[in-house]
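Below is one structure, written out as structure tokens; comments come after it.
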Amino acid sequence: MSYQLSVLAHEKCATRSTVLQSAVLAIILFWLLVLNACGGLTTPSSTTNTSQNNSASALVISPTLPSATVGSMYDGTLEVSGGRAPYTFKLASGHLPPGVQLGAAAGTISGIPTASGSFNFAVSVSDSKGLSKQESLQVVVSASGNTTGQNQGHSFTNLQHGNGWSAYGQGPPTFVDCSPSPCDGITYSMNQGVASPSMSGQATEYSLGGTAVYTDALFNNHLIGDLSSQGMPDSNHALVPTYHDFTYDVYFYGTNLELSQAVEFDINQFFDNLGFIWGHECRIAGGNEWDVWDNVNQHWVPTGVACHPNNNAWNHLTIQVQRTSDNQLLYQSITLNGVTNTINKYYNPGSAPGWHGVTVNYQMDGNYQQSPYSVYLDNLTFTYE
């Protein structure tokens with residue numbers, strides 16, 4: 001019996017020990033669960049901070065650049081916030097002003113502009129983590145302080161969007177003007193304020209078609225002197241004879257330029273019954289060559305300089321001419337898409353009784369089928385001195 005009591009006592013002690021151990025284990029497990037739960041509370045906080053950091057890293061490009069002036073040093077910098085330096089910049093679309101470059105590492109836009117107008121382009125920037133951002137920008141270049149497109153600084157800018165244009169059809173063999181369209185089997189039109197394709201947002205579309213083959217559309221603007229569209233009538237005939245150096249700077253765009261027989265860009269000066277017509281013809285269907293106009297013999301003269309304008313892209317053309325001190329026409333140079341060719345050809349002036357002034361022309365020539373086509377002009381600047 002005493003043995004039995006001893007065994008029972010031992011069993012009771014064992015039971016108490018087991019209960020105590022279980023209780024301790026339960027307490028330990030409870031605190032482990034509490035600690036794990038508290039540790040888990042840091043996860044949402046960490047996620048929130050990461051989200052905030054990602055939001056703060058978005059790239060932002062300043063959309064405003066200072067204006068510029070032809071012939072003066074231009075220095076602009078693209079301001080970027082967000083992301084992680086270093087940044088890389090590149091021109092995504094459009095055109096910078098001629099003479100101005102984009103710095104790929106520093107985001108600088110600098111140089112000396114050589115042409116006036118409104119230049120629209122897009123720049124993309126990438127950071128060291130692969131984030132990228134693209135922004136549309138604009139630089140307005142004035143001619144010696146001229147921002148209105150008028151005659152300050154001896155330049156007229158954005159002429160394609162200005163007033164004063166006349167349009168005529170012309171056909172062989174006499175090429176006598178006819179208007180309005182359609183006339184003599186020729187159809188032609190001029191549509192200003194075109195936003196696309198455009199560089200300035202104010203391009204002009206010129207179109208030619210019809211049924212009479214090898215016929216042309218002539219678009220003409222009187223700038224100085226008789227019928228001046230720029231408020232410079234020169235009624236006493238003292239101003240026009242003083243000008244002797246001229247530059248025709250323009251961008252042109254076509255989707256099917258191969259349908260053109262030729263596109264023509266002319267500078268004209270008339271005074272004292274003399275006619276100075278600096279005619280420049282990019283002969284496309286006829287052999288992709290530049291021709292110039294012989295005023296006395298009334299025909300085109302091949303220059304030997306190739307003319308291959310690009311389709312579906314803006315072509316930049318700059319023509320420079322001079323009236324010499326002995327009243328000869330000097331064809332100086334033609335620059336197409338950055339390639340300059342010196343012409344250096346001299347011709348005598350023609351006869352132009354009763355005309356007085358300075359004018360510019362743009363002309364489109366039809367091919368053997370008179371295939372209809374259109375060409376857009378933009379940033380047309382005419383400089384005179």
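Chain labels follow the order of the structure tokens: the first chain is A, the next B, and so on; residue numbering restarts at 1 in every chain, and ligands are counted from 1 in their shown order.
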Contacts of region 114-116 of chain A at 6 Å (only C-alpha atoms; same-chain gap of 6+ positions) as a PDB file with C-alpha atoms, in the first residue's frame:
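File around-v2.pdb, as written:
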```
ATOM      1  CA  VAL A  70      20.453  85.160 -86.189  1.00  0.00           C
ATOM      2  CA  PRO A  98      20.716  75.740 -88.420  1.00  0.00           C
ATOM      3  CA  GLY A  99      24.027  76.335 -86.662  1.00  0.00           C
ATOM      4  CA  VAL A 141      15.030  82.659 -83.893  1.00  0.00           C
ATOM      5  CA  SER A 142      14.542  86.269 -84.910  1.00  0.00           C
ATOM      6  CA  ALA A 143      16.475  88.146 -87.579  1.00  0.00           C
TER       7      ALA A 143
END
```
Taking only C-alpha atoms into account, produce a table as a tab-separated table in which each residue of region 154-254 of chain A with an atom at most 8 Å from an atom of region 308-319 of chain A appears once, together with its shortest atom pair and the distance in Å to one decimal, ordered by chain and rising number.
```
residue	atom	partner	partner_atom	distance
A:Thr247	CA	A:Ile319	CA	5.6
A:Tyr248	CA	A:Ile319	CA	5.1
A:Asp249	CA	A:Thr318	CA	4.4
A:Val250	CA	A:Leu317	CA	5.4
A:Tyr251	CA	A:His316	CA	4.5
A:Phe252	CA	A:Asn315	CA	5.2
A:Tyr253	CA	A:Trp314	CA	4.8
A:Gly254	CA	A:Asn311	CA	5.6
```
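The spacing separating CA of Phe119 (chain A) from CA of Leu377 (chain A) amounts to 13.6 Å.
CA of Gln170 (chain A) is positioned 22.2 Å from CA of Gly357 (chain A).
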Which polymer residues have any atom within 7 Å of an atom of Leu208 (chain A), counting only C-alpha atoms, with same-chain residues fewer than 4 positions away left out, as an MDAnalysis selection string?
chainID A and resid 187:189 217 364 372:374
Could you write out that same residue set with N, CA and C atoms as a PDB file, in the first residue's frame?
```pdb
ATOM      1  N   THR A 187      -4.753  72.877-112.856  1.00  0.00           N
ATOM      2  CA  THR A 187      -5.332  73.108-111.528  1.00  0.00           C
ATOM      3  C   THR A 187      -4.198  73.335-110.542  1.00  0.00           C
ATOM      4  N   TYR A 188      -4.397  74.301-109.652  1.00  0.00           N
ATOM      5  CA  TYR A 188      -3.360  74.615-108.665  1.00  0.00           C
ATOM      6  C   TYR A 188      -4.030  75.223-107.442  1.00  0.00           C
ATOM      7  N   SER A 189      -3.354  75.141-106.304  1.00  0.00           N
ATOM      8  CA  SER A 189      -3.917  75.676-105.069  1.00  0.00           C
ATOM      9  C   SER A 189      -2.810  75.958-104.072  1.00  0.00           C
ATOM     10  N   ALA A 217       2.587  75.730-112.049  1.00  0.00           N
ATOM     11  CA  ALA A 217       1.904  76.633-111.123  1.00  0.00           C
ATOM     12  C   ALA A 217       2.945  77.573-110.538  1.00  0.00           C
ATOM     13  N   MET A 364       6.020  75.126-109.315  1.00  0.00           N
ATOM     14  CA  MET A 364       5.951  73.671-109.469  1.00  0.00           C
ATOM     15  C   MET A 364       5.699  73.350-110.925  1.00  0.00           C
ATOM     16  N   PRO A 372      -0.601  64.687-110.457  1.00  0.00           N
ATOM     17  CA  PRO A 372      -0.823  65.645-109.372  1.00  0.00           C
ATOM     18  C   PRO A 372       0.113  65.372-108.193  1.00  0.00           C
ATOM     19  N   TYR A 373       0.617  66.460-107.588  1.00  0.00           N
ATOM     20  CA  TYR A 373       1.460  66.321-106.405  1.00  0.00           C
ATOM     21  C   TYR A 373       1.407  67.607-105.593  1.00  0.00           C
ATOM     22  N   SER A 374       1.853  67.503-104.354  1.00  0.00           N
ATOM     23  CA  SER A 374       1.872  68.645-103.443  1.00  0.00           C
ATOM     24  C   SER A 374       3.246  68.760-102.794  1.00  0.00           C
TER      25      SER A 374
END
```
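A straight line drawn from CA of Thr383 (chain A) to CA of Glu281 (chain A) is 19.6 Å long.
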Quick one: residues within 8 Å of Pro86 (chain A), only C-alpha atoms counted, chain neighbours fewer than 5 positions away excluded, as JSON, numbers by chain?
{"A": [105, 127, 128]}
Region 344-347 of chain A surroundings by only C-alpha atoms, 10 Å radius, close-in-sequence under 2 positions cut, as a compact mmCIF listing (two decimals) with N, CA and C atoms, in the first residue's frame:
```txt
# COMPACT_ATOMS: atom_id res chain seq x y z
N PHE A 276 16.40 91.41 -113.12
CA PHE A 276 17.37 90.45 -112.57
C PHE A 276 16.58 89.28 -111.99
N ILE A 277 16.56 88.16 -112.71
CA ILE A 277 15.81 86.98 -112.27
C ILE A 277 16.81 85.87 -111.98
N TRP A 278 17.03 85.64 -110.68
CA TRP A 278 17.90 84.54 -110.26
C TRP A 278 17.02 83.29 -110.12
N VAL A 292 20.11 76.92 -113.62
CA VAL A 292 19.95 78.34 -113.33
C VAL A 292 19.48 79.05 -114.59
N TRP A 293 18.84 80.21 -114.43
CA TRP A 293 18.17 80.90 -115.53
C TRP A 293 19.08 81.94 -116.18
N ASP A 294 19.18 81.84 -117.50
CA ASP A 294 19.89 82.82 -118.32
C ASP A 294 18.87 83.88 -118.75
N ASN A 295 18.98 85.09 -118.17
CA ASN A 295 17.98 86.13 -118.41
C ASN A 295 17.94 86.61 -119.86
N VAL A 296 19.09 86.74 -120.48
CA VAL A 296 19.15 87.29 -121.84
C VAL A 296 18.63 86.29 -122.86
N ASN A 297 19.09 85.04 -122.77
CA ASN A 297 18.73 84.02 -123.76
C ASN A 297 17.46 83.25 -123.38
N THR A 303 23.86 73.21 -114.17
CA THR A 303 25.02 73.59 -113.34
C THR A 303 25.97 72.42 -113.11
N VAL A 321 22.67 84.71 -103.77
CA VAL A 321 22.96 85.36 -105.05
C VAL A 321 23.40 86.79 -104.78
N GLN A 322 23.90 87.42 -105.86
CA GLN A 322 24.37 88.80 -105.73
C GLN A 322 24.20 89.54 -107.05
N ARG A 323 23.87 90.83 -106.94
CA ARG A 323 23.94 91.74 -108.08
C ARG A 323 25.25 92.49 -107.97
N THR A 324 26.11 92.32 -108.96
CA THR A 324 27.46 92.89 -108.87
C THR A 324 27.42 94.40 -109.10
N ASN A 327 26.20 95.48 -112.38
CA ASN A 327 24.85 95.00 -112.71
C ASN A 327 24.84 93.67 -113.47
N GLN A 328 25.63 92.75 -113.02
CA GLN A 328 25.52 91.37 -113.48
C GLN A 328 24.87 90.52 -112.39
N LEU A 329 24.23 89.44 -112.82
CA LEU A 329 23.67 88.49 -111.88
C LEU A 329 24.75 87.46 -111.55
N LEU A 330 25.03 87.28 -110.29
CA LEU A 330 25.98 86.27 -109.85
C LEU A 330 25.24 85.21 -109.05
N TYR A 331 25.26 83.97 -109.56
CA TYR A 331 24.74 82.83 -108.81
C TYR A 331 25.89 82.33 -107.93
N GLN A 332 25.76 82.53 -106.62
CA GLN A 332 26.87 82.22 -105.73
C GLN A 332 26.89 80.76 -105.27
N SER A 333 25.84 80.30 -104.58
CA SER A 333 25.87 78.95 -104.02
C SER A 333 24.47 78.40 -103.80
N ASN A 341 27.19 73.76 -102.57
CA ASN A 341 27.88 73.73 -103.86
C ASN A 341 28.01 75.17 -104.37
N THR A 342 29.23 75.56 -104.70
CA THR A 342 29.49 76.89 -105.24
C THR A 342 29.16 76.89 -106.73
N PRO A 349 21.63 91.00 -117.09
CA PRO A 349 20.21 91.11 -116.80
C PRO A 349 19.37 91.16 -118.08
N GLY A 350 18.07 90.91 -117.90
CA GLY A 350 17.14 91.03 -119.01
C GLY A 350 16.47 92.39 -118.98
```
Which residues, written as a ChimeraX atom specification, have at least one atom at most 7 Å from Glu135 (chain A), with only C-alpha atoms counted and residues fewer than 6 positions away on the same chain left out?
/A:61,63,122-124
List every residue of region 61-173 of chain A that DSSP, applied to the backbone of this structure, places in strand (DSSP E or B), and write the result as a PyMOL selection string.
chain A and resi 61+68-69+74-77+80-81+88-94+100-102+108-111+117-126+132-143+146+155-156+165-170
Could you write those residues out with C-alpha atoms, as a compact mmCIF listing (two decimals), in the first residue's frame?
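This is the output file again-v4.txt:
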```txt
# COMPACT_ATOMS: atom_id res chain seq x y z
CA ILE A 61 12.17 68.25 -68.65
CA ALA A 68 17.54 83.43 -80.25
CA THR A 69 18.79 85.88 -82.85
CA TYR A 74 22.77 81.09 -78.42
CA ASP A 75 23.18 79.20 -75.15
CA GLY A 76 20.28 77.22 -73.69
CA THR A 77 20.25 74.30 -71.27
CA VAL A 80 15.92 67.99 -65.83
CA SER A 81 14.56 66.88 -62.47
CA THR A 88 21.85 61.33 -71.85
CA PHE A 89 20.09 63.62 -74.32
CA LYS A 90 19.23 63.08 -77.98
CA LEU A 91 17.12 64.71 -80.69
CA ALA A 92 14.02 62.54 -81.11
CA SER A 93 12.33 64.42 -83.97
CA GLY A 94 12.16 67.76 -85.75
CA VAL A 100 22.74 75.09 -83.29
CA GLN A 101 23.62 71.71 -81.73
CA LEU A 102 22.37 69.56 -78.84
CA THR A 108 23.01 72.17 -73.80
CA ILE A 109 21.48 73.68 -76.92
CA SER A 110 24.04 76.11 -78.27
CA GLY A 111 25.61 77.64 -81.35
CA GLY A 117 11.98 81.18 -87.84
CA SER A 118 10.21 78.97 -85.31
CA PHE A 119 11.94 75.61 -84.92
CA ASN A 120 9.95 72.77 -83.35
CA PHE A 121 11.60 69.57 -82.18
CA ALA A 122 11.46 66.88 -79.52
CA VAL A 123 14.25 65.84 -77.15
CA SER A 124 14.44 62.59 -75.19
CA VAL A 125 16.45 62.17 -72.00
CA SER A 126 17.51 58.89 -70.32
CA SER A 132 13.36 58.00 -70.19
CA LYS A 133 11.24 61.01 -71.01
CA GLN A 134 10.48 62.88 -74.25
CA GLU A 135 9.44 66.53 -74.45
CA SER A 136 8.34 68.74 -77.36
CA LEU A 137 10.25 72.05 -77.47
CA GLN A 138 10.57 75.17 -79.57
CA VAL A 139 13.24 77.78 -80.24
CA VAL A 140 12.20 81.01 -81.94
CA VAL A 141 15.03 82.66 -83.89
CA SER A 142 14.54 86.27 -84.91
CA ALA A 143 16.47 88.15 -87.58
CA ASN A 146 12.77 90.70 -85.66
CA SER A 155 14.88 89.88 -93.39
CA PHE A 156 11.34 88.68 -93.95
CA TRP A 165 0.82 85.69 -102.48
CA SER A 166 -0.55 85.46 -106.03
CA ALA A 167 -0.99 82.21 -107.96
CA TYR A 168 -1.04 81.56 -111.72
CA GLY A 169 -1.07 78.66 -114.13
CA GLN A 170 1.38 78.59 -117.05
```
